[in-house]
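File shown: upload08.cif. Contents: mmCIF, C-alpha atoms, pLDDT in the B column; chains and numbers go by the auth columns.
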data_coords
#
loop_
_atom_site.group_PDB
_atom_site.id
_atom_site.type_symbol
_atom_site.label_atom_id
_atom_site.label_comp_id
_atom_site.label_asym_id
_atom_site.label_seq_id
_atom_site.Cartn_x
_atom_site.Cartn_y
_atom_site.Cartn_z
_atom_site.B_iso_or_equiv
_atom_site.auth_seq_id
_atom_site.auth_asym_id
ATOM 1 C CA MET A 1 55.411 97.004 79.954 68.00 1 A
ATOM 2 C CA LYS A 2 56.370 100.632 79.899 88.00 2 A
ATOM 3 C CA PHE A 3 59.980 101.308 80.830 94.00 3 A
ATOM 4 C CA LYS A 4 62.343 103.836 79.348 95.00 4 A
ATOM 5 C CA THR A 5 65.481 105.632 80.382 94.00 5 A
ATOM 6 C CA ASN A 6 66.935 108.810 79.036 94.00 6 A
ATOM 7 C CA SER A 7 70.315 110.095 80.060 93.00 7 A
ATOM 8 C CA ARG A 8 72.373 113.184 79.493 91.00 8 A
ATOM 9 C CA THR A 9 75.887 113.875 80.682 90.00 9 A
ATOM 10 C CA PRO A 10 76.479 117.563 81.333 91.00 10 A
ATOM 11 C CA ASP A 11 80.145 116.771 81.954 91.00 11 A
ATOM 12 C CA GLN A 12 82.390 113.694 81.935 91.00 12 A
ATOM 13 C CA THR A 13 81.671 112.687 85.517 94.00 13 A
ATOM 14 C CA THR A 14 78.023 113.691 85.899 96.00 14 A
ATOM 15 C CA CYS A 15 74.888 112.108 84.468 97.00 15 A
ATOM 16 C CA VAL A 16 71.198 112.873 84.778 97.00 16 A
ATOM 17 C CA LEU A 17 69.282 109.628 84.283 97.00 17 A
ATOM 18 C CA GLU A 18 65.548 109.972 83.791 97.00 18 A
ATOM 19 C CA ILE A 19 63.500 106.827 84.315 98.00 19 A
ATOM 20 C CA GLU A 20 59.979 106.432 83.029 98.00 20 A
ATOM 21 C CA GLY A 21 57.426 103.696 83.700 97.00 21 A
ATOM 22 C CA GLU A 22 57.649 100.572 85.833 97.00 22 A
ATOM 23 C CA VAL A 23 60.825 99.381 87.536 98.00 23 A
ATOM 24 C CA ASP A 24 60.363 95.753 88.515 97.00 24 A
ATOM 25 C CA VAL A 25 61.920 92.295 88.250 96.00 25 A
ATOM 26 C CA TYR A 26 61.553 92.456 84.441 96.00 26 A
ATOM 27 C CA THR A 27 62.901 95.949 83.808 97.00 27 A
ATOM 28 C CA SER A 28 65.398 96.483 86.630 96.00 28 A
ATOM 29 C CA PRO A 29 68.190 94.505 84.873 95.00 29 A
ATOM 30 C CA GLU A 30 68.125 97.175 82.138 96.00 30 A
ATOM 31 C CA LEU A 31 68.372 99.914 84.747 97.00 31 A
ATOM 32 C CA LYS A 32 71.287 98.095 86.316 96.00 32 A
ATOM 33 C CA GLN A 33 73.044 97.864 82.929 95.00 33 A
ATOM 34 C CA ASN A 34 72.583 101.614 82.510 96.00 34 A
ATOM 35 C CA LEU A 35 74.151 102.335 85.889 96.00 35 A
ATOM 36 C CA VAL A 36 77.036 99.905 85.387 95.00 36 A
ATOM 37 C CA LYS A 37 77.793 101.415 81.971 95.00 37 A
ATOM 38 C CA LEU A 38 77.834 104.933 83.413 95.00 38 A
ATOM 39 C CA ALA A 39 80.304 103.877 86.115 93.00 39 A
ATOM 40 C CA GLU A 40 82.490 102.165 83.486 93.00 40 A
ATOM 41 C CA ASP A 41 82.458 105.380 81.478 94.00 41 A
ATOM 42 C CA GLY A 42 83.870 107.289 84.435 95.00 42 A
ATOM 43 C CA VAL A 43 80.667 108.893 85.706 96.00 43 A
ATOM 44 C CA LYS A 44 80.829 109.487 89.467 96.00 44 A
ATOM 45 C CA HIS A 45 77.719 111.533 90.098 97.00 45 A
ATOM 46 C CA VAL A 46 74.374 110.176 88.930 97.00 46 A
ATOM 47 C CA ILE A 47 71.186 112.159 89.393 98.00 47 A
ATOM 48 C CA VAL A 48 68.312 109.707 88.972 98.00 48 A
ATOM 49 C CA ASN A 49 65.093 111.481 88.140 98.00 49 A
ATOM 50 C CA LEU A 50 62.149 109.350 89.319 98.00 50 A
ATOM 51 C CA SER A 51 59.371 111.839 88.610 98.00 51 A
ATOM 52 C CA ARG A 52 57.941 109.681 85.799 98.00 52 A
ATOM 53 C CA VAL A 53 58.291 106.348 87.576 98.00 53 A
ATOM 54 C CA GLU A 54 54.882 104.810 88.191 97.00 54 A
ATOM 55 C CA TYR A 55 55.942 101.637 89.940 97.00 55 A
ATOM 56 C CA LEU A 56 59.052 100.587 91.834 98.00 56 A
ATOM 57 C CA ASP A 57 59.548 97.338 93.729 97.00 57 A
ATOM 58 C CA SER A 58 62.265 95.728 95.826 96.00 58 A
ATOM 59 C CA THR A 59 64.303 94.756 92.756 95.00 59 A
ATOM 60 C CA GLY A 60 64.340 98.396 91.629 97.00 60 A
ATOM 61 C CA LEU A 61 65.355 99.456 95.126 96.00 61 A
ATOM 62 C CA GLY A 62 68.114 96.837 95.017 94.00 62 A
ATOM 63 C CA VAL A 63 69.525 98.186 91.757 96.00 63 A
ATOM 64 C CA LEU A 64 69.499 101.765 93.060 97.00 64 A
ATOM 65 C CA ILE A 65 71.217 100.707 96.297 95.00 65 A
ATOM 66 C CA GLY A 66 73.808 98.774 94.278 93.00 66 A
ATOM 67 C CA GLY A 67 74.477 101.865 92.144 95.00 67 A
ATOM 68 C CA LEU A 68 74.715 104.058 95.222 96.00 68 A
ATOM 69 C CA LYS A 69 77.238 101.746 96.847 93.00 69 A
ATOM 70 C CA ARG A 70 79.416 101.482 93.723 92.00 70 A
ATOM 71 C CA LEU A 71 79.537 105.257 93.284 95.00 71 A
ATOM 72 C CA ARG A 72 80.166 106.055 96.952 94.00 72 A
ATOM 73 C CA GLU A 73 83.115 103.661 96.868 93.00 73 A
ATOM 74 C CA ILE A 74 84.737 105.957 94.304 93.00 74 A
ATOM 75 C CA GLU A 75 83.704 109.066 96.235 93.00 75 A
ATOM 76 C CA GLY A 76 80.789 109.761 93.954 96.00 76 A
ATOM 77 C CA ASN A 77 77.081 109.610 94.700 96.00 77 A
ATOM 78 C CA LEU A 78 73.743 108.542 93.313 98.00 78 A
ATOM 79 C CA VAL A 79 70.919 110.871 94.280 98.00 79 A
ATOM 80 C CA LEU A 80 67.209 110.724 93.616 98.00 80 A
ATOM 81 C CA VAL A 81 64.977 113.469 92.275 98.00 81 A
ATOM 82 C CA GLY A 82 61.253 114.081 92.276 97.00 82 A
ATOM 83 C CA PRO A 83 59.705 110.770 93.341 98.00 83 A
ATOM 84 C CA GLY A 84 55.895 110.852 93.398 97.00 84 A
ATOM 85 C CA MET A 85 54.064 110.253 96.663 96.00 85 A
ATOM 86 C CA ARG A 86 53.713 106.494 96.091 95.00 86 A
ATOM 87 C CA ILE A 87 57.358 106.025 95.165 97.00 87 A
ATOM 88 C CA LEU A 88 58.563 108.224 98.034 97.00 88 A
ATOM 89 C CA ARG A 89 56.447 106.165 100.424 95.00 89 A
ATOM 90 C CA ILE A 90 58.287 102.996 99.388 96.00 90 A
ATOM 91 C CA PHE A 91 61.596 104.628 100.329 96.00 91 A
ATOM 92 C CA GLU A 92 60.121 105.853 103.608 95.00 92 A
ATOM 93 C CA ILE A 93 58.605 102.563 104.756 92.00 93 A
ATOM 94 C CA THR A 94 61.814 100.679 104.007 92.00 94 A
ATOM 95 C CA GLY A 95 63.942 103.337 105.727 92.00 95 A
ATOM 96 C CA LEU A 96 65.883 103.925 102.510 94.00 96 A
ATOM 97 C CA ASP A 97 64.967 107.625 102.507 95.00 97 A
ATOM 98 C CA LYS A 98 67.694 107.932 105.155 94.00 98 A
ATOM 99 C CA ILE A 99 70.287 106.295 102.913 94.00 99 A
ATOM 100 C CA PHE A 100 69.589 108.159 99.685 97.00 100 A
ATOM 101 C CA ASP A 101 69.747 111.910 99.222 97.00 101 A
ATOM 102 C CA ILE A 102 66.357 112.816 97.764 98.00 102 A
ATOM 103 C CA TYR A 103 65.698 116.181 96.091 98.00 103 A
ATOM 104 C CA GLN A 104 62.763 117.928 94.493 97.00 104 A
ATOM 105 C CA THR A 105 64.455 119.028 91.264 97.00 105 A
ATOM 106 C CA ASP A 106 67.533 118.231 89.169 96.00 106 A
ATOM 107 C CA GLU A 107 68.769 121.771 89.828 95.00 107 A
ATOM 108 C CA GLU A 108 68.508 121.365 93.598 96.00 108 A
ATOM 109 C CA ALA A 109 70.304 118.010 93.409 96.00 109 A
ATOM 110 C CA ALA A 110 73.105 119.461 91.268 95.00 110 A
ATOM 111 C CA ALA A 111 73.554 122.426 93.607 95.00 111 A
ATOM 112 C CA LYS A 112 73.698 120.215 96.718 94.00 112 A
ATOM 113 C CA GLU A 113 76.062 117.744 95.063 92.00 113 A
ATOM 114 C CA GLY A 114 78.292 120.503 93.744 92.00 114 A
ATOM 115 C CA VAL A 115 77.972 119.472 90.102 91.00 115 A
ATOM 116 C CA SER A 116 76.860 121.426 87.066 89.00 116 A
ATOM 117 C CA LEU A 117 73.892 120.558 84.862 87.00 117 A
ATOM 118 C CA MET B 1 36.462 103.501 90.503 49.00 1 B
ATOM 119 C CA SER B 2 32.951 103.623 89.115 49.00 2 B
ATOM 120 C CA SER B 3 30.218 103.700 91.716 52.00 3 B
ATOM 121 C CA PHE B 4 27.968 101.592 89.461 59.00 4 B
ATOM 122 C CA GLN B 5 29.720 98.322 90.277 63.00 5 B
ATOM 123 C CA PRO B 6 27.683 95.890 92.305 62.00 6 B
ATOM 124 C CA ALA B 7 29.191 95.137 95.710 62.00 7 B
ATOM 125 C CA PRO B 8 31.357 92.015 95.665 60.00 8 B
ATOM 126 C CA SER B 9 29.549 88.859 96.750 65.00 9 B
ATOM 127 C CA GLN B 10 30.766 86.714 99.599 74.00 10 B
ATOM 128 C CA GLY B 11 33.590 84.494 98.465 87.00 11 B
ATOM 129 C CA ASP B 12 33.811 85.448 94.791 93.00 12 B
ATOM 130 C CA THR B 13 37.046 83.921 93.533 96.00 13 B
ATOM 131 C CA VAL B 14 39.335 84.931 90.683 97.00 14 B
ATOM 132 C CA GLU B 15 42.214 82.710 89.618 97.00 15 B
ATOM 133 C CA LEU B 16 45.124 83.534 87.365 98.00 16 B
ATOM 134 C CA VAL B 17 47.995 81.275 86.375 98.00 17 B
ATOM 135 C CA ILE B 18 51.126 82.810 84.883 98.00 18 B
ATOM 136 C CA PRO B 19 54.493 81.436 83.817 97.00 19 B
ATOM 137 C CA CYS B 20 57.008 82.029 86.617 97.00 20 B
ATOM 138 C CA ARG B 21 59.061 84.496 84.584 96.00 21 B
ATOM 139 C CA PRO B 22 59.837 88.219 84.998 96.00 22 B
ATOM 140 C CA GLU B 23 57.855 89.418 81.980 96.00 23 B
ATOM 141 C CA PHE B 24 54.595 88.019 83.375 97.00 24 B
ATOM 142 C CA VAL B 25 54.696 89.634 86.804 97.00 25 B
ATOM 143 C CA GLY B 26 53.230 92.848 85.382 97.00 26 B
ATOM 144 C CA ILE B 27 50.187 90.889 84.168 97.00 27 B
ATOM 145 C CA ALA B 28 49.562 89.576 87.680 98.00 28 B
ATOM 146 C CA ARG B 29 49.811 93.115 89.058 97.00 29 B
ATOM 147 C CA LEU B 30 47.385 94.404 86.454 97.00 30 B
ATOM 148 C CA ALA B 31 44.833 91.708 87.258 98.00 31 B
ATOM 149 C CA VAL B 32 45.150 92.314 90.981 98.00 32 B
ATOM 150 C CA LEU B 33 44.742 96.045 90.434 97.00 33 B
ATOM 151 C CA GLY B 34 41.397 95.308 88.803 96.00 34 B
ATOM 152 C CA ILE B 35 40.315 92.967 91.580 97.00 35 B
ATOM 153 C CA ALA B 36 41.401 95.267 94.433 97.00 36 B
ATOM 154 C CA SER B 37 39.611 98.148 92.740 95.00 37 B
ATOM 155 C CA ARG B 38 36.332 96.298 93.303 93.00 38 B
ATOM 156 C CA MET B 39 36.907 96.438 97.055 95.00 39 B
ATOM 157 C CA PRO B 40 36.026 99.367 99.305 95.00 40 B
ATOM 158 C CA PHE B 41 39.719 100.311 99.365 96.00 41 B
ATOM 159 C CA SER B 42 41.274 103.741 98.994 95.00 42 B
ATOM 160 C CA TYR B 43 43.588 104.426 96.056 94.00 43 B
ATOM 161 C CA ASP B 44 46.600 103.877 98.337 94.00 44 B
ATOM 162 C CA GLU B 45 45.229 100.573 99.628 96.00 45 B
ATOM 163 C CA VAL B 46 44.680 99.308 96.076 97.00 46 B
ATOM 164 C CA GLU B 47 48.266 100.252 95.239 96.00 47 B
ATOM 165 C CA ASP B 48 49.483 98.530 98.420 97.00 48 B
ATOM 166 C CA VAL B 49 47.832 95.269 97.332 98.00 49 B
ATOM 167 C CA ARG B 50 49.288 95.598 93.851 98.00 50 B
ATOM 168 C CA LEU B 51 52.821 96.048 95.201 98.00 51 B
ATOM 169 C CA ALA B 52 52.469 93.231 97.751 98.00 52 B
ATOM 170 C CA VAL B 53 51.349 90.783 95.050 98.00 53 B
ATOM 171 C CA GLY B 54 54.158 92.000 92.801 98.00 54 B
ATOM 172 C CA GLU B 55 56.635 91.249 95.577 97.00 55 B
ATOM 173 C CA ALA B 56 55.210 87.773 96.165 98.00 56 B
ATOM 174 C CA CYS B 57 55.471 86.953 92.443 98.00 57 B
ATOM 175 C CA THR B 58 58.992 88.417 92.284 96.00 58 B
ATOM 176 C CA HIS B 59 60.017 86.168 95.163 94.00 59 B
ATOM 177 C CA ALA B 60 58.853 83.176 93.087 95.00 60 B
ATOM 178 C CA VAL B 61 60.478 84.371 89.854 95.00 61 B
ATOM 179 C CA GLU B 62 63.834 84.986 91.514 92.00 62 B
ATOM 180 C CA ARG B 63 63.926 81.469 92.916 91.00 63 B
ATOM 181 C CA ALA B 64 62.731 79.871 89.700 92.00 64 B
ATOM 182 C CA GLY B 65 65.519 80.962 87.393 82.00 65 B
ATOM 183 C CA ASP B 66 64.986 79.643 83.883 73.00 66 B
ATOM 184 C CA SER B 67 62.312 77.058 84.565 80.00 67 B
ATOM 185 C CA SER B 68 58.876 75.966 83.442 91.00 68 B
ATOM 186 C CA ALA B 69 57.391 76.759 86.850 95.00 69 B
ATOM 187 C CA VAL B 70 54.079 78.582 87.145 97.00 70 B
ATOM 188 C CA ILE B 71 52.538 80.944 89.662 98.00 71 B
ATOM 189 C CA ARG B 72 48.880 80.564 90.629 98.00 72 B
ATOM 190 C CA ILE B 73 47.263 83.707 92.038 98.00 73 B
ATOM 191 C CA THR B 74 43.931 83.096 93.739 98.00 74 B
ATOM 192 C CA SER B 75 41.959 86.099 94.962 98.00 75 B
ATOM 193 C CA VAL B 76 38.980 85.550 97.234 97.00 76 B
ATOM 194 C CA ILE B 77 36.798 88.625 97.457 95.00 77 B
ATOM 195 C CA ASN B 78 34.695 89.156 100.561 94.00 78 B
ATOM 196 C CA PRO B 79 32.805 92.353 101.306 91.00 79 B
ATOM 197 C CA ASN B 80 35.498 93.729 103.627 92.00 80 B
ATOM 198 C CA THR B 81 38.474 91.470 103.062 96.00 81 B
ATOM 199 C CA LEU B 82 40.564 90.540 100.078 97.00 82 B
ATOM 200 C CA ALA B 83 42.538 87.320 100.518 98.00 83 B
ATOM 201 C CA ILE B 84 45.143 86.579 97.862 98.00 84 B
ATOM 202 C CA THR B 85 47.163 83.384 97.716 98.00 85 B
ATOM 203 C CA ILE B 86 50.253 83.256 95.511 98.00 86 B
ATOM 204 C CA THR B 87 51.493 79.708 95.006 98.00 87 B
ATOM 205 C CA ASP B 88 54.464 78.608 92.934 97.00 88 B
ATOM 206 C CA ASP B 89 55.753 75.168 92.088 95.00 89 B
ATOM 207 C CA VAL B 90 59.423 76.071 92.368 93.00 90 B
ATOM 208 C CA PRO B 91 61.025 73.307 94.420 88.00 91 B
ATOM 209 C CA ALA B 92 62.923 74.303 97.538 81.00 92 B
ATOM 210 C CA GLY B 93 66.571 75.015 96.848 76.00 93 B
ATOM 211 C CA ALA B 94 65.920 75.412 93.119 68.00 94 B
ATOM 212 C CA ASN B 95 67.627 78.775 92.962 63.00 95 B
ATOM 213 C CA SER B 96 69.209 78.068 89.603 51.00 96 B
ATOM 214 C CA SER B 97 70.492 81.544 88.959 54.00 97 B
ATOM 215 C CA SER B 98 73.681 82.150 90.880 52.00 98 B
ATOM 216 C CA ARG B 99 73.708 85.071 93.274 60.00 99 B
ATOM 217 C CA SER B 100 73.792 88.261 91.278 65.00 100 B
ATOM 218 C CA GLU B 101 76.415 90.912 91.772 64.00 101 B
ATOM 219 C CA GLU B 102 73.579 93.111 93.039 63.00 102 B
ATOM 220 C CA THR B 103 72.670 90.627 95.738 67.00 103 B
ATOM 221 C CA ILE B 104 76.291 90.439 96.825 68.00 104 B
ATOM 222 C CA ILE B 105 76.599 94.233 96.956 65.00 105 B
ATOM 223 C CA LEU B 106 73.417 94.448 98.993 67.00 106 B
ATOM 224 C CA GLU B 107 74.599 91.771 101.393 69.00 107 B
ATOM 225 C CA GLU B 108 77.873 93.614 101.883 67.00 108 B
ATOM 226 C CA ALA B 109 75.825 96.684 102.732 63.00 109 B
ATOM 227 C CA GLY B 110 73.845 94.640 105.244 66.00 110 B
ATOM 228 C CA ILE B 111 70.678 94.633 103.119 67.00 111 B
ATOM 229 C CA ASP B 112 68.889 91.465 102.146 72.00 112 B
ATOM 230 C CA GLN B 113 67.031 91.860 98.839 69.00 113 B
ATOM 231 C CA GLU B 114 64.598 89.087 99.675 73.00 114 B
ATOM 232 C CA GLY B 115 64.150 90.721 103.066 85.00 115 B
ATOM 233 C CA LEU B 116 63.212 94.003 101.388 91.00 116 B
ATOM 234 C CA GLY B 117 60.400 92.284 99.493 93.00 117 B
ATOM 235 C CA ALA B 118 59.173 90.529 102.637 93.00 118 B
ATOM 236 C CA LEU B 119 59.356 93.787 104.592 93.00 119 B
ATOM 237 C CA LEU B 120 57.274 95.547 101.957 96.00 120 B
ATOM 238 C CA MET B 121 54.621 92.826 102.037 97.00 121 B
ATOM 239 C CA GLU B 122 54.478 92.970 105.849 96.00 122 B
ATOM 240 C CA ILE B 123 53.890 96.705 105.790 96.00 123 B
ATOM 241 C CA LEU B 124 51.530 96.887 102.828 97.00 124 B
ATOM 242 C CA VAL B 125 48.901 94.330 103.831 98.00 125 B
ATOM 243 C CA ASP B 126 47.296 93.327 107.127 98.00 126 B
ATOM 244 C CA ASP B 127 48.502 89.757 107.256 98.00 127 B
ATOM 245 C CA VAL B 128 51.241 87.792 105.477 97.00 128 B
ATOM 246 C CA LYS B 129 51.983 84.103 105.777 97.00 129 B
ATOM 247 C CA ILE B 130 54.759 82.458 103.812 96.00 130 B
ATOM 248 C CA GLU B 131 54.893 78.674 103.713 95.00 131 B
ATOM 249 C CA THR B 132 57.780 76.987 101.959 93.00 132 B
ATOM 250 C CA GLY B 133 57.558 73.293 101.167 92.00 133 B
ATOM 251 C CA PRO B 134 59.595 70.873 99.063 91.00 134 B
ATOM 252 C CA THR B 135 57.385 71.435 96.009 92.00 135 B
ATOM 253 C CA GLY B 136 56.934 75.173 96.176 94.00 136 B
ATOM 254 C CA THR B 137 56.065 78.237 98.189 95.00 137 B
ATOM 255 C CA THR B 138 52.719 79.729 99.140 97.00 138 B
ATOM 256 C CA VAL B 139 52.304 83.350 100.162 97.00 139 B
ATOM 257 C CA ARG B 140 48.980 84.318 101.751 98.00 140 B
ATOM 258 C CA LEU B 141 48.150 87.995 101.791 98.00 141 B
ATOM 259 C CA MET B 142 45.153 89.519 103.536 98.00 142 B
ATOM 260 C CA LYS B 143 43.969 93.094 103.201 98.00 143 B
ATOM 261 C CA ASN B 144 41.027 94.415 105.201 97.00 144 B
ATOM 262 C CA ALA B 145 38.891 97.352 104.196 94.00 145 B
ATOM 263 C CA PRO B 146 38.665 100.089 106.802 88.00 146 B
ATOM 264 C CA GLU B 147 35.780 99.663 109.299 80.00 147 B
#
As C-alpha cells:
Amino acid sequence: MKFKTNSRTPDQTTCVLEIEGEVDVYTSPELKQNLVKLAEDGVKHVIVNLSRVEYLDSTGLGVLIGGLKRLREIEGNLVLVGPGMRILRIFEITGLDKIFDIYQTDEEAAAKEGVSL
Amino acid sequence: MSSFQPAPSQGDTVELVIPCRPEFVGIARLAVLGIASRMPFSYDEVEDVRLAVGEACTHAVERAGDSSAVIRITSVINPNTLAITITDDVPAGANSSSRSEETIILEEAGIDQEGLGALLMEILVDDVKIETGPTGTTVRLMKNAPE
C-alpha cells in the first residue's frame, strides 16, 4: 500500500508534513508516530499537506484530530493544506471542516498561522 | 470505466475472505472498487462504496486485535443495487487491544472514533444495518444506482 510522509522544519517550532498515498487503519499508526515525534521535538505548528493523499478514513481523521488537540493544548495548531475534492468531502460530511483550519497552499497556511516557511 | 462491459446480471455474487488485520483492508477496498465500477455508479458513488466498505472492515479489525479472525465480504450485484455484507467472526467483547491514546484523546474531545466510521457509512451508502452477535458482527451496506 502506498503511504509516505515527507517533512521539513523551516524553524524549530514549525513543520510542514507532506503525506502521500492512503491513510487508513494500516498506515495511520505511522502518521501518528510522526506527529507525536514532532510534538516531542518541540514543534508547535504543523502544516499537514494533504494534496497527494488519495484515501483517508476515520482512523486517519482520528490521528489528525489527536494531533490537533495535542498541539492546541500547547497553544500551537495543526492545519491542513490542499485536500482534493474527495478528501475535503470527508471533512465536510463529518463536520470536521469546522474544527480544522483548511488552506489552499502551504504559503497561505503559513501566513494565516503567522509562521515562516 | 469501459463501456464494453456487459451489464451485471441479476444476483451475481462475489465473495472475498481476508484475514482480519490492518494490512488486508486495502485489498478489500481494491476488490470492492472493481465490483462497484461494474455498476451504473458515478465516480463519486464508486468511491463512496469503497470508503464505506473500508470503514466496515476497519471496525472489524479494531475489535479483533491480534487474532486469527477473518472478514468475509459478499457483494451481490443487481442491475441497480449493490448489496455488500461484511461479516467478521470477532466475538463480542473481544477488544483485545486496550484503548489507544488516540481514542482517549478523541473521547475527551467528545468524538467517538467508532462513531466517525459509522457516521461515514451512514452518509456514503443508502442503507446500513449493523448486527452484533456473540460470534461476530455483520454490516450490511446497500447502494442504489440513480434512477
Selection result for the PyMOL selection byres ((chain A and resi 97-108) around 12) on this file, as a count of residues only = 51
Centre and edge lengths of an axis-aligned box around all listed atoms of range 49-64 of chain A, with 6 Å added on each side, are to be given in Å to one decimal, as JSON.
{"center_x": 62.2, "center_y": 103.3, "center_z": 90.8, "size_x": 26.6, "size_y": 29.1, "size_z": 22.0}
Compute the set of chain A residues within 6 Å of chain B, using all atoms listed in the file, and express it as a list in words.
->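 The complete set of qualifying residues is Val25, Tyr26, Ser58 and Gly66 of chain A.
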Could you check how far CA of Thr137 in chain B sits from CA of Gly65 in chain B, in Å to one decimal?
->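 So the answer is 14.6 Å.
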Run the PyMOL selection byres ((chain B and resi 88-91) around 6) mentally over the shown coordinates, then write out the matched residues as a list in words, using the chain letters and numbers from the document.
-> Ala64, Ala69, Val70, Ile71, Thr87, Ala92, Ala94, Pro134, Thr135, Gly136 and Thr137 of chain B
Limited to C-alpha atoms, could you put the picked residues into a file as a compact mmCIF listing (two decimals), in the coordinates of the input?
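New file again_12.txt:
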# COMPACT_ATOMS: atom_id res chain seq x y z
CA ALA B 64 62.73 79.87 89.70
CA ALA B 69 57.39 76.76 86.85
CA VAL B 70 54.08 78.58 87.14
CA ILE B 71 52.54 80.94 89.66
CA THR B 87 51.49 79.71 95.01
CA ALA B 92 62.92 74.30 97.54
CA ALA B 94 65.92 75.41 93.12
CA PRO B 134 59.60 70.87 99.06
CA THR B 135 57.38 71.44 96.01
CA GLY B 136 56.93 75.17 96.18
CA THR B 137 56.06 78.24 98.19
For the file shown, report as a PyMOL selection string the outcome of the PyMOL selection byres ((chain B and resi 130) around 12) at residue level.
-> chain B and resi 56+59-60+85-88+118+121-122+127-129+131-133+136-142
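You can rank A:Leu56, A:Leu71, A:Val63, A:Val23 by their closest distance to Thr5 in chain A using all atoms listed in the file, and at the top of that list sits A:Val23.
Note that the spacing between CA of Arg52 in chain A and CA of Val36 in chain A amounts to 21.5 Å.
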